[in-house]
Amino acid sequence: MNTKGLALRDSIIAKKKRGEIVSDKSFLDIFAEARSYLERVRAKDPRRNKVDWVEPLYLDYTILNDKIKADELEPLVTKYKK
C-alpha cells in the first residue's frame, strides 16, 4: 500500500507542477489505511519475527505528520540501518 501511496503522491506533485488543482486527500487516505493495517501487524508481532513493520509504519507516520508516533519508532529505524 505504501508503494501505491507514493506513486499517487508523485503523480499529484507532477499535476501541481503543471498548475492543475489537485487534492492531497486521496494519497493521504491510502497511507491512513496502510497505517491501520501496520498497527495491527505491530500488535500481533511486536518483536518482528514474521514481518518487519518498522520502516513502513515509520514512513506512514512521517507522511501523515504523526510526529509523536514517528519519534517513538525512530530509534528502531536508525538502529536497523546502522
# chains A, B, ... in the order shown; residues from 1 in each chain; ligands from 1
$ closest_atom_pairs --of "region 7-52 of chain A" --to "region 58-65 of chain A" --cutoff "8 Å" --atoms "only C-alpha atoms" --output "JSON lines"
{"residue": "A:Leu28", "atom": "CA", "partner": "A:Leu64", "partner_atom": "CA", "distance": 6.9}
{"residue": "A:Phe31", "atom": "CA", "partner": "A:Asp60", "partner_atom": "CA", "distance": 5.7}
{"residue": "A:Ala32", "atom": "CA", "partner": "A:Asp60", "partner_atom": "CA", "distance": 7.3}
{"residue": "A:Ala34", "atom": "CA", "partner": "A:Asp60", "partner_atom": "CA", "distance": 7.4}
{"residue": "A:Arg35", "atom": "CA", "partner": "A:Asp60", "partner_atom": "CA", "distance": 5.9}
$ write_last_selection --atoms "N, CA and C atoms" --output "compact mmCIF listing (two decimals), in the first residue's frame"
# COMPACT_ATOMS: atom_id res chain seq x y z
N LEU A 28 -3.32 10.60 0.99
CA LEU A 28 -3.28 10.52 2.45
C LEU A 28 -4.23 9.43 2.96
N PHE A 31 -2.38 6.13 2.78
CA PHE A 31 -1.41 5.97 3.88
C PHE A 31 -2.11 5.75 5.21
N ALA A 32 -3.26 6.35 5.42
CA ALA A 32 -4.02 6.13 6.65
C ALA A 32 -4.51 4.68 6.72
N ALA A 34 -3.07 2.11 5.19
CA ALA A 34 -1.88 1.28 5.41
C ALA A 34 -1.44 1.35 6.87
N ARG A 35 -1.55 2.53 7.48
CA ARG A 35 -1.18 2.69 8.89
C ARG A 35 -2.02 1.78 9.77
$ select_by_dssp --residues "chain A" --states "alpha helix (DSSP H)" --output "ChimeraX atom specification"
/A:2-17,25-44,54-63,67-81
$ closest_residue --among "A:Ile13, A:Phe27, A:Pro56, A:Leu73" --to "Val41 (chain A)" --atoms "only C-alpha atoms"
A:Pro56
